[in-house]
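Visitor: First the structure, then my questions, so here it is.
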Amino acid sequence: MERLESQKSRKCSKKSSNGKSSITDPPKIYSKPSKTSTATPHTVKKVKLRTSKDVYDRLKWDMGSLDINLSDLYIGYKDRFLGMCELKFTDFNPCAEEGDIPFHRIYYFRGGGPPVDPFVGKDGEVRVREDNWPPNAVIYWDRETRRDLIFNSGETFSQPINVEKKESHMAPSGYSIQSSYQYKEITHAWEVSNSKCQSVLTKKNLKLLSLNILYELYDPEMVVSYRRWPYLLDFLEDSDADIIALQEVTPAFLSVLETQRWVQKKYYLTEISTVGKTIQPYGQILITKFEPQQVCFIEEAKKRFIISRFKFQNLQEPLIIANIHLKSNYKGNCSGMRQKQMNRLLAALSELDRYQSSEIVIVGDTNFVNDETIDCTNSKLKLVDAWNLLMSDSDDPGWTFDITTNNLAAKLSCGAERERFDRVFVKAEQRHWLEPRGIEVSGRSIIDFFKIPRARHNNFEEAGDSRFENLSLSDHFTLICDFDLPIDPSTQSQQSVVHEMELNYVSLKHPTVEKFSPVHTSAVSIVPPEDLWPQIQAIRSEFDPSFTRWPPHINLIYGFIPNIDRNFIEAQEVFTESIKYWSQFSITLSKIDIFQNSSYTSVYLAPSDDEAMKIRHLQRQLTEEYPDCKNLSTHYNPHLTIAKLPTGTPEEREILSRHIKEWKETLLGQPANNILSFPIDRIYLMSREQDFPFSITRTVVFGTPNETKVSSKEIEVDFIEDFLYQKSLVPTPNRVIDQVKIMRQVQLLCRKAVEKVSVHLTGSSFMGFHDESSDIDILACGPPDVNYEAFFHSLKSVATEASANTFESQLCLVSIVLNTLVPIARLRMNSIDIDLVYCPCGPTNWDRVTDEELAQESETYVRSLDGVREAAALLQLISQEWWPVYCACVRALKYWAKKRKIYSKCMGYISSNTISLLVAYTILHKRSPQVLTSQQLIIHFFKQFSVWKWPTPVTFGLKQSGSTHVQLFKSNIPELMPICAPCFPYLNRARNVSRNTRTLIQRELIRGNEIISQNSSNFEEKWDSLCKIQNFFEAYPLYIQIQLKCKNEQDLEVCKGILQSRLINLIVQLEMSIFCQPCTKLFVEDGNCLTGFIGCAPSDLLITPSQLPKLTANFKPKIEKWIRNFVNSTVEIRIHELKNGARELKKFHIQEMDYCDSFSNEEVTKLAHAQYRADDVSDAEDMTTYTNKTIKLLGIGLATISIFCVAKYIWNLKH
């Protein structure tokens, strides 16, 4: 422990000295000296007072974290003629909002209610003096005295001004107020908890746990934190403590803790990793089942204390808990420093409890040695050590740090051998309702690294490493203290807020579920088939006292909701939905083991470890639906009890040994060895009445969902796979070969341009969900001294020379665009488009760039690397077994989006990138214990996002609602549909989405969910309906057409990129007056004419068609300016309006169709007839002849050629 302290201080000082620390030190708070102080002026630094506007803004927008009643708040301002006046806070309007009082005239903010007998002017002005303040007034901010209880700025006094007969809920002097956080199931994120509702305690005891988890910043190879954490998290979950106090918590550990479902559903946190101001580089947190009314922290001598205040409806006195971590003795005896830290804490607690009306508990790592304890001589707050209070007659010394039994402690100790570092202190007197009942040291067990934890880590290759021998959870043991609560039995009928979050979680999914306390007359169990009963019952009938009450069974939940009213019917529906994707698995009761009790020993049959793990997974999923129904034992061990025998005497133990040997031969010694094997494909809801035996009331079979019934897995996989291959959405072997050749040739080209450069595949080709038509995205990483312009200039020279020399690879440079945010080179090889970007990060360093370093770079640098970093992050998030399903689902949904005309990033729709992120989010938030099929994942996708409330961001647990990417890079386009990348700086991948395109995307998601949720079991029919082509050119009565006519094909490519990137500006402008839908495709005619369309909806028109030119008039000069920056030749630009049915629209309607495989020959003929008639050709028979001739010429290639090609063939044949 002492060794850690020195290492921490050295690291902090080192970072401070070189000026590169990414950790922001908290501001130092200076108290105003007393008038009798002899300190010279330069000994006290004057801290800037926050402005009245800052205070007003926080009170108005962040009042939840301050716990201040705004209706009792008044603003004191100085009137030019009347002097000091007051105005109710809620009636104040700033000058920016047409108010009359400027901020510089505000002198104070006061709580406590209206003034007493004030002078009221003729215009309603309330003139006041201090005599007019109410008796319980609290000054939160005062300009003249430089007092600030909102931000703790200025020269805040140690006592509030004029506070009488009222306990202050604000933080004491020198403390910083912060928020508590609650996990929201709707947004899937940790958010500030500002309900401030008072909890109701219905339990008769309260369990407090304290543990120093040993941070990972010191010698990671020795402390192996990432190996210990999964087991530590399991231990914390099994403890089921009401309040958990953890020390040495880092952002890395907290980010893992936040993902645990048991934390998300039952607990509040005093800090989250994305905020983390109190845990940089490490600190303390409280995890509580009760919502804190107030959270504040203080820093003293580089140690932080967290203080939380709780108020309960059925208990008059509040509870204040402080989580501490004091100075160690590494640099000698630091008892004086520890006492100084404790004096600061005691002063603050005394201020919070100035009327001695609160229960106070101090818990944590004190680093006290020998008989050292808290010195309360100079404090009115008197505390006692709970261990000394409860264990004075015990021989247990209570060591929480012991090098003789803790391997980690032995490695890290530099002097201490056995100490009681971790302690709990309570009030020595005047305790109101919190009475310590018991205290113990726990967590002494050694980690079994061959046992897979529920909070799984990545791999187990190092399980046999010597570093893991006899490894403990931490270098400290856990201290657990139980308290008795004097709860009135009348409050037992009240709904407890302790488990309010679990109830809310269940009711969000199943609104009919009602809250009931678990009873021991009902259970959820596995029952073996009756043909296995005889050999089991033969033993149970003689040796199991429960033989007449229970059938042979393996309990999953014992202590379940009572079987009254519709409870079991609703539970059956809940479980059916929960385990609908479970498939049958088999177990063999292959071993006999025992549970030892004080008076008897239970003998049971158990499956193998692997089979037991499956049952544990099932049990955990069931208990998630009913969080109150926990098993009686903390460690669930699936078993089937066959006997209970007394073992008090040696004779009885000998009898037990003989029976066990006999039963092993009888049950497990058969030649077949599988006498007790049976499949598990269902669970049973069991109950009993009075003294009657348990009977099966309800049955839940695996794989039978309430709504959409899914066919067998083989059929589902075959359909999706066949569909993808049918539509050529899976790359062929030739494409794979071409991709390898392209990478090789691009690398050769880049190394000719710059000697030290490496190329990396990114985008869909790297992720694996590309198809035959996908382009290839490549990142070139070069030396830091070669900038973007130098690289692309050299690349152009080399590519031009290679083209002149007839480059064998046929790799040609199409264009280079430098004057953009991310410079890009467009190449082509074997008809495959290639996008090449460059980053001067070093040939091998792209994956070594840290978030802190990236934050200091330019936006061009960040965006160049973001594609490959995002792909790497997704590869880490999605496990290997999910990857084939993930890629298939992304491919299928890309096809759906294209057919429904919502697939184009440039036009403001979703893209391959956003679809991949949404599917990844669906996988990470699925609730199935096994890998789903593509079909099942698609069902989950539509159910998830058809009800998503945008602009709530889609994040991956690494970023909260605060827009980190907006802080780095400003955007003029409002972010209406944020889908954030899983890596820093968490950029919004759907930033082009506008109001209208978001509406269209949401409409398609809702439509998709309605189709996919139909009762029909034929998924193929649903999918065909889902992907039905939307006819863009017949959907709107009015269209805006944008045409660009270029001189050559090279200019056309450049203009195409410009129009794609800039058309969103016109769309956003049009949306202010009209509902519009941009066409996802740009059309090319005659090799040099580019055309785009925007459809306009009639019902939403706020203007007449004649006014449309005014809306589009500003766009033409802008796009002309953009084109002039990149194209030297003249480009003709036309923007005009077309009505539905116009002749010009019909040819584009045919081009818009993606593949002919969606149409029969008759439909192709029909479309061709329409095109023929549009050009005043009346001979339909002649047209049919040419159409059939064209189809015959095309033959089997009809399935992969566009209808536009058919029309083009017909046109050429006719003319």
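Letters for chains follow the order of the structure tokens (A, B, ...), residue numbers begin at 1 for each chain, and ligand numbers begin at 1 in the order shown.
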Among region 949-1140 of chain A, which residues carry a DSSP assignment of helix (DSSP H, G or I), reported as a count of residues only?
Guide: 75
Visitor: Give the strand (DSSP E or B) residues of region 1013-1057 of chain A, as assigned by DSSP on the backbone, as JSON, numbers by chain.
Guide: {"A": [1038, 1039, 1040, 1041, 1042, 1043, 1044, 1045]}
Visitor: May I have the residues within 12 Å of Pro1117 (chain A) as a list in words, using only C-alpha atoms and disregarding those fewer than 6 positions away in the same chain?
Guide: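 Final neighbour list, sorted by chain and number: Leu1066, Ile1123, Arg1124, Glu1132, Ile1133, Arg1134 and Ile1135 of chain A.
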Visitor: For the selection just defined, write its residues with N, CA, C and O atoms to a file, as a PDB file, in the first residue's frame.
Guide:
ATOM      1  N   LEU A1066     -28.626  22.938 -50.159  1.00  0.00           N
ATOM      2  CA  LEU A1066     -29.888  23.319 -50.783  1.00  0.00           C
ATOM      3  C   LEU A1066     -31.056  22.639 -50.097  1.00  0.00           C
ATOM      4  O   LEU A1066     -32.112  23.245 -49.886  1.00  0.00           O
ATOM      5  N   ILE A1123     -17.385  25.088 -57.894  1.00  0.00           N
ATOM      6  CA  ILE A1123     -16.847  24.396 -59.076  1.00  0.00           C
ATOM      7  C   ILE A1123     -15.625  25.125 -59.612  1.00  0.00           C
ATOM      8  O   ILE A1123     -14.650  24.511 -60.049  1.00  0.00           O
ATOM      9  N   ARG A1124     -15.658  26.456 -59.581  1.00  0.00           N
ATOM     10  CA  ARG A1124     -14.519  27.226 -60.086  1.00  0.00           C
ATOM     11  C   ARG A1124     -13.234  26.945 -59.308  1.00  0.00           C
ATOM     12  O   ARG A1124     -12.130  27.083 -59.828  1.00  0.00           O
ATOM     13  N   GLU A1132     -21.760  24.344 -67.398  1.00  0.00           N
ATOM     14  CA  GLU A1132     -23.107  24.925 -67.542  1.00  0.00           C
ATOM     15  C   GLU A1132     -24.009  24.360 -66.450  1.00  0.00           C
ATOM     16  O   GLU A1132     -24.110  23.144 -66.278  1.00  0.00           O
ATOM     17  N   ILE A1133     -24.663  25.252 -65.719  1.00  0.00           N
ATOM     18  CA  ILE A1133     -25.507  24.844 -64.592  1.00  0.00           C
ATOM     19  C   ILE A1133     -26.935  25.303 -64.839  1.00  0.00           C
ATOM     20  O   ILE A1133     -27.177  26.471 -65.148  1.00  0.00           O
ATOM     21  N   ARG A1134     -27.881  24.365 -64.714  1.00  0.00           N
ATOM     22  CA  ARG A1134     -29.304  24.682 -64.873  1.00  0.00           C
ATOM     23  C   ARG A1134     -30.077  24.136 -63.679  1.00  0.00           C
ATOM     24  O   ARG A1134     -29.853  22.999 -63.258  1.00  0.00           O
ATOM     25  N   ILE A1135     -30.972  24.970 -63.133  1.00  0.00           N
ATOM     26  CA  ILE A1135     -31.872  24.543 -62.050  1.00  0.00           C
ATOM     27  C   ILE A1135     -33.280  24.970 -62.438  1.00  0.00           C
ATOM     28  O   ILE A1135     -33.554  26.169 -62.601  1.00  0.00           O
TER      29      ILE A1135
END
Visitor: At a cut-off of 6 Å, using only C-alpha atoms, what residues contact Leu556 (chain A)? Leave out same-chain residues fewer than 6 positions from it and give the result as a list in words.
Guide: Val524, Ser525 and Gln619 of chain A
Visitor: Set the distance at 10 Å and use only C-alpha atoms: which residues neighbour region 1079-1084 of chain A once local chain neighbours fewer than 4 positions away are removed? I'd like the list as a ChimeraX atom specification.
Guide: /A:898,900-909,1032-1033,1039,1042-1045,1052,1056,1059-1060,1088-1095,1148,1151-1152
